[in-house]
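Beneath this line is the structure, given in structure tokens, with notes to follow.
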Amino acid sequence: MQEKGGCGLREFKNKKLRNFFAILSILGPGIIAVNAGNDAGGITTYSTVGASYGYSMLWGLVIITISLSVVQEMNARMAVVTGKGLSDLIREKFGVKWAFFAMTVLLVANFLLVMADFAGVAMSMELFGITRYVAVPIAAVLIWALVTKGSYSKVEKVFLVFTIVFFGYIISAFQAKPDWSAVFGTMATPSIKFSTGFLLTFIGMIGTTITPYMQFYLQSSIVDKHLSLRDYKYEKLDVYFGAIWGNAIAFFIIVCTAATLFKAHITITSAGDAAQALGPIAGKYASTLFGFGLLGASLLACAIIPLSTSYAICEAFGFESGVDNDLKEAPAFFGIYTVMIALSAGLILIPGMQLVKIALVTQQIAGILSPVILTFMIILVNDKRIMGKYVNSKFQNVLSFATVGFITALSAILVVSTLFNH
């Protein structure tokens, strides 16, 4: 009897272990999608928020985190219910003309993000004394070769390891000894300045957190993993945790830079300025630590964003896609990928290009464009022919429409404020 009981206990434990690993296999797309926002543009934007405006935008980060959770959950639900990517659904629902419009918005937004990440490559290597005119072309050729030769997945983990150094912001934030009562006080008391600089930076914070690229990437990732409604509760956990965790890193970057750079009246005009925020943990090695992290984040995004763009556009119009094909079999797929890499890298090499400004402006434009893609998503997720009983609840619609309305209103205020100032 004891032997049978022992076998039963082992079987129970093995079943629990199998279920645990099954859950782990489901988790990932939501966490990866949000952390992809912590690339060169994201790090630069969050650093600028803290260095230029202290803690005053932290209340906005709370709202953005809630909005991101709602948006990503919509993505996950559409993926498991339909088994299709977002670009595919847009074409089926709205037709080729509207799909072309959506893909144009995606292409513009993603192209700008890739520019920001090549600017990140340039900034990181300049910290080590290597000029952008050497670093950027080498990085562009390396990324293109890795992906087109199908060996990118082998080095992806190396790039990811580099980005771990950004966890140093968490420790550095505590070591900088910020005024935590002021931190949490500003989070609870929203305030906004109707100046062009403040509004642009705020929109940039939205643009680097809720990017058009993320929505296509997340939905396609879930579809590629062949997740079904049975897995939905775990994937929902994945996207909620991803939104909170990804923006927690953003929170500590803002707190860290506010407690160090803002306090010392240092504005960010170079990667070296941004690196100073890691001084409390890294001391004289702050630039080296920041440089490695920025390089890894930039290379990772420079590879993933053009790749996901090519997949989305080819999916929308039925073109052959995939890195397993050769150039003759998938000319549109490799053509889009190659042009994005070559043109975005080439523009960074134009003499006089201000790298930090490029990283910030590209996020701001992505923020202004994001309501276009979000509107397509809201319409799709409320279509009962597509989603059946899994359409949005009234509460989800209120939050999602409020997100679109908030970003649109900020953009409108920005235009009026700019005209008024002029």
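Ligands are numbered from 1 in the order shown, residues from 1 within each chain, and chains are lettered A, B, ... in the order they appear in the structure tokens.
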Worksheet item: Near Ile413 in chain A, within 12 Å and counting only C-alpha atoms, which residues show up once chain neighbours fewer than 2 positions away are dropped, as a PyMOL selection string?
Response: chain A and resi 192-196+198-200+202-203+368+405-411+415-421
Item to complete: Mind checking which residues fall within 6 Å of range 328-339 of chain A, counting only C-alpha atoms, ignoring those fewer than 4 positions away in the same chain, and posting them as a PyMOL selection string?
Response: chain A and resi 306+310+320-321+343
Just-selected residues, C-alpha atoms written as a tab-separated table (two decimals), in the first residue's frame:
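This went into selection.tsv:
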chain	number	residue	atom	x	y	z
A	306	PRO	CA	12.41	45.62	-39.15
A	310	SER	CA	8.31	42.81	-42.86
A	320	GLU	CA	5.66	35.26	-49.12
A	321	SER	CA	7.57	35.84	-45.90
A	343	LEU	CA	18.05	53.73	-44.92
Write out, as a Markdown table, each residue of range 195-230 of chain A that has an atom at most 10 Å from range 101-112 of chain A, together with the closest pair of atoms and their distance in Å to one decimal, counting only C-alpha atoms, rows going by chain and rising number.
| residue | atom | partner | partner_atom | distance |
| --- | --- | --- | --- | --- |
| A:Gly207 | CA | A:Ala109 | CA | 9.5 |
| A:Thr211 | CA | A:Ala109 | CA | 8.1 |
| A:Pro212 | CA | A:Leu106 | CA | 6.2 |
| A:Tyr213 | CA | A:Asn110 | CA | 6.4 |
| A:Met214 | CA | A:Asn110 | CA | 9.9 |
| A:Phe216 | CA | A:Leu106 | CA | 9.0 |
Item to complete: Would you kindly return, as a count of residues only, each protein, DNA or RNA residue with an atom no farther than 9 Å from any atom of Leu261 in chain A, considering only C-alpha atoms and excluding same-chain residues fewer than 2 positions away?
Response: 19
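CA of Ala312 in chain A lies 29.4 Å from CA of Lys394 in chain A.
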Worksheet entry | Contacts of range 251-253 of chain A at 9 Å (only C-alpha atoms; same-chain gap of 4+ positions) as number ranges by chain | A: 43, 46-47, 50, 58, 61, 166-167, 169-174, 246-247, 257-258, 277
Could you write out the selected residues, including C-alpha atoms, as an mmCIF file, in the first residue's frame?
data_model
loop_
_atom_site.group_PDB
_atom_site.id
_atom_site.type_symbol
_atom_site.label_atom_id
_atom_site.label_comp_id
_atom_site.auth_asym_id
_atom_site.auth_seq_id
_atom_site.Cartn_x
_atom_site.Cartn_y
_atom_site.Cartn_z
ATOM 1 C CA ILE A 43 15.901 54.591 -22.230
ATOM 2 C CA TYR A 46 12.621 57.961 -19.688
ATOM 3 C CA SER A 47 16.005 59.457 -18.776
ATOM 4 C CA GLY A 50 13.469 62.385 -15.080
ATOM 5 C CA LEU A 58 5.188 59.820 -12.868
ATOM 6 C CA LEU A 61 3.321 56.531 -16.197
ATOM 7 C CA PHE A 166 19.524 48.371 -16.945
ATOM 8 C CA PHE A 167 18.358 46.602 -13.782
ATOM 9 C CA TYR A 169 18.719 51.611 -12.324
ATOM 10 C CA ILE A 170 16.667 49.918 -9.592
ATOM 11 C CA ILE A 171 19.630 49.717 -7.226
ATOM 12 C CA SER A 172 20.921 53.121 -8.276
ATOM 13 C CA ALA A 173 17.510 54.682 -7.627
ATOM 14 C CA PHE A 174 17.587 53.539 -3.993
ATOM 15 C CA GLY A 246 8.257 46.739 -18.102
ATOM 16 C CA ASN A 247 6.943 50.031 -16.748
ATOM 17 C CA THR A 257 17.592 60.320 -13.239
ATOM 18 C CA ALA A 258 15.359 62.733 -11.298
ATOM 19 C CA ALA A 277 22.452 58.419 -13.390
#
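Going from CA of Leu399 in chain A to CA of Arg385 in chain A covers 22.4 Å.
In this structure, CA of Asn397 in chain A sits 8.6 Å away from CA of Asn382 in chain A.
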Range 21-129 of chain A residues near range 356-366 of chain A within 9 Å, closest pair each, using only C-alpha atoms, as a Markdown table:
| residue | atom | partner | partner_atom | distance |
| --- | --- | --- | --- | --- |
| A:Ala40 | CA | A:Ala359 | CA | 7.1 |
| A:Gly41 | CA | A:Ala359 | CA | 4.8 |
| A:Gly42 | CA | A:Gln363 | CA | 7.7 |
| A:Thr44 | CA | A:Ala359 | CA | 6.6 |
| A:Thr45 | CA | A:Leu360 | CA | 5.8 |
| A:Thr48 | CA | A:Leu360 | CA | 8.5 |
| A:Val108 | CA | A:Ala366 | CA | 8.4 |
| A:Ala109 | CA | A:Ala366 | CA | 5.2 |
| A:Asn110 | CA | A:Ala366 | CA | 7.9 |
| A:Phe111 | CA | A:Thr362 | CA | 9.0 |
| A:Leu112 | CA | A:Thr362 | CA | 5.2 |
| A:Leu113 | CA | A:Thr362 | CA | 6.1 |
| A:Met115 | CA | A:Ile358 | CA | 7.6 |
| A:Ala116 | CA | A:Ala359 | CA | 4.4 |
| A:Asp117 | CA | A:Ala359 | CA | 7.4 |
| A:Ala119 | CA | A:Ala359 | CA | 6.7 |
| A:Gly120 | CA | A:Ala359 | CA | 7.6 |
| A:Met123 | CA | A:Val356 | CA | 8.2 |
Dump N, CA and C atoms for the selected residues as a PDB file, in the first residue's frame?
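In the end it all went to selection.pdb:
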ATOM      1  N   ALA A  40      16.749  51.803 -27.081  1.00  0.00           N
ATOM      2  CA  ALA A  40      17.492  53.067 -27.040  1.00  0.00           C
ATOM      3  C   ALA A  40      16.557  54.266 -26.904  1.00  0.00           C
ATOM      4  N   GLY A  41      15.486  54.282 -27.702  1.00  0.00           N
ATOM      5  CA  GLY A  41      14.535  55.390 -27.630  1.00  0.00           C
ATOM      6  C   GLY A  41      13.847  55.450 -26.284  1.00  0.00           C
ATOM      7  N   GLY A  42      13.504  54.272 -25.755  1.00  0.00           N
ATOM      8  CA  GLY A  42      12.841  54.217 -24.464  1.00  0.00           C
ATOM      9  C   GLY A  42      13.733  54.704 -23.335  1.00  0.00           C
ATOM     10  N   THR A  44      16.373  56.618 -23.507  1.00  0.00           N
ATOM     11  CA  THR A  44      16.642  58.046 -23.672  1.00  0.00           C
ATOM     12  C   THR A  44      15.440  58.884 -23.235  1.00  0.00           C
ATOM     13  N   THR A  45      14.243  58.430 -23.621  1.00  0.00           N
ATOM     14  CA  THR A  45      13.029  59.178 -23.277  1.00  0.00           C
ATOM     15  C   THR A  45      12.787  59.195 -21.772  1.00  0.00           C
ATOM     16  N   THR A  48      15.272  61.389 -20.054  1.00  0.00           N
ATOM     17  CA  THR A  48      14.976  62.800 -20.273  1.00  0.00           C
ATOM     18  C   THR A  48      13.798  63.261 -19.418  1.00  0.00           C
ATOM     19  N   VAL A 108       6.035  53.770 -41.117  1.00  0.00           N
ATOM     20  CA  VAL A 108       6.623  55.059 -40.728  1.00  0.00           C
ATOM     21  C   VAL A 108       7.057  55.025 -39.269  1.00  0.00           C
ATOM     22  N   ALA A 109       6.147  54.565 -38.386  1.00  0.00           N
ATOM     23  CA  ALA A 109       6.453  54.522 -36.951  1.00  0.00           C
ATOM     24  C   ALA A 109       7.646  53.612 -36.674  1.00  0.00           C
ATOM     25  N   ASN A 110       7.659  52.430 -37.289  1.00  0.00           N
ATOM     26  CA  ASN A 110       8.735  51.475 -37.044  1.00  0.00           C
ATOM     27  C   ASN A 110      10.060  51.930 -37.641  1.00  0.00           C
ATOM     28  N   PHE A 111       9.993  52.577 -38.800  1.00  0.00           N
ATOM     29  CA  PHE A 111      11.221  53.098 -39.410  1.00  0.00           C
ATOM     30  C   PHE A 111      11.880  54.120 -38.484  1.00  0.00           C
ATOM     31  N   LEU A 112      11.060  54.980 -37.892  1.00  0.00           N
ATOM     32  CA  LEU A 112      11.579  55.982 -36.971  1.00  0.00           C
ATOM     33  C   LEU A 112      12.176  55.333 -35.720  1.00  0.00           C
ATOM     34  N   LEU A 113      11.524  54.250 -35.254  1.00  0.00           N
ATOM     35  CA  LEU A 113      12.045  53.540 -34.081  1.00  0.00           C
ATOM     36  C   LEU A 113      13.400  52.901 -34.384  1.00  0.00           C
ATOM     37  N   MET A 115      15.531  54.011 -36.569  1.00  0.00           N
ATOM     38  CA  MET A 115      16.478  55.138 -36.577  1.00  0.00           C
ATOM     39  C   MET A 115      16.960  55.446 -35.170  1.00  0.00           C
ATOM     40  N   ALA A 116      16.000  55.471 -34.216  1.00  0.00           N
ATOM     41  CA  ALA A 116      16.350  55.758 -32.821  1.00  0.00           C
ATOM     42  C   ALA A 116      17.313  54.715 -32.279  1.00  0.00           C
ATOM     43  N   ASP A 117      17.117  53.466 -32.689  1.00  0.00           N
ATOM     44  CA  ASP A 117      17.983  52.404 -32.171  1.00  0.00           C
ATOM     45  C   ASP A 117      19.356  52.406 -32.818  1.00  0.00           C
ATOM     46  N   ALA A 119      20.672  55.192 -33.639  1.00  0.00           N
ATOM     47  CA  ALA A 119      21.244  56.312 -32.872  1.00  0.00           C
ATOM     48  C   ALA A 119      21.775  55.787 -31.541  1.00  0.00           C
ATOM     49  N   GLY A 120      21.065  54.806 -30.969  1.00  0.00           N
ATOM     50  CA  GLY A 120      21.528  54.169 -29.735  1.00  0.00           C
ATOM     51  C   GLY A 120      22.835  53.433 -29.923  1.00  0.00           C
ATOM     52  N   MET A 123      25.466  56.176 -30.081  1.00  0.00           N
ATOM     53  CA  MET A 123      25.734  56.777 -28.766  1.00  0.00           C
ATOM     54  C   MET A 123      26.527  55.832 -27.866  1.00  0.00           C
TER      55      MET A 123
END
Discussion item. According to DSSP computed on the backbone, where in range 101-347 of chain A is there helix (DSSP H, G or I)? Give the residues as JSON, numbers by chain.
Written reply: {"A": [101, 102, 103, 104, 105, 106, 107, 108, 109, 110, 111, 112, 113, 114, 115, 116, 117, 118, 119, 120, 121, 122, 123, 124, 125, 126, 132, 133, 134, 135, 136, 137, 138, 139, 140, 141, 142, 143, 144, 145, 146, 147, 148, 152, 153, 154, 155, 156, 157, 158, 159, 160, 161, 162, 163, 164, 165, 166, 167, 168, 169, 170, 171, 172, 173, 174, 175, 180, 181, 182, 183, 184, 185, 186, 187, 188, 196, 197, 198, 199, 200, 201, 202, 203, 204, 205, 206, 207, 208, 209, 212, 213, 214, 215, 216, 217, 218, 219, 220, 221, 222, 223, 224, 229, 230, 231, 232, 233, 234, 235, 236, 237, 238, 239, 240, 241, 242, 243, 244, 245, 246, 247, 248, 249, 250, 251, 252, 253, 254, 255, 256, 257, 258, 259, 260, 261, 262, 271, 272, 273, 274, 275, 276, 277, 278, 279, 280, 281, 282, 283, 284, 285, 286, 287, 288, 289, 290, 291, 292, 293, 294, 295, 296, 297, 298, 299, 300, 301, 302, 303, 304, 305, 306, 307, 308, 309, 310, 311, 312, 313, 314, 315, 316, 317, 331, 332, 333, 334, 335, 336, 337, 338, 339, 340, 341, 342, 343, 344, 345, 346, 347]}
Item to complete: Could you give me, as a PyMOL selection string, the residues within 12 Å of Thr375 in chain A, counting only C-alpha atoms and dropping anything in the same chain fewer than 2 positions from it?
Response: chain A and resi 71+74+90+102+212+215+369-373+377-382+397+400-405+407-408
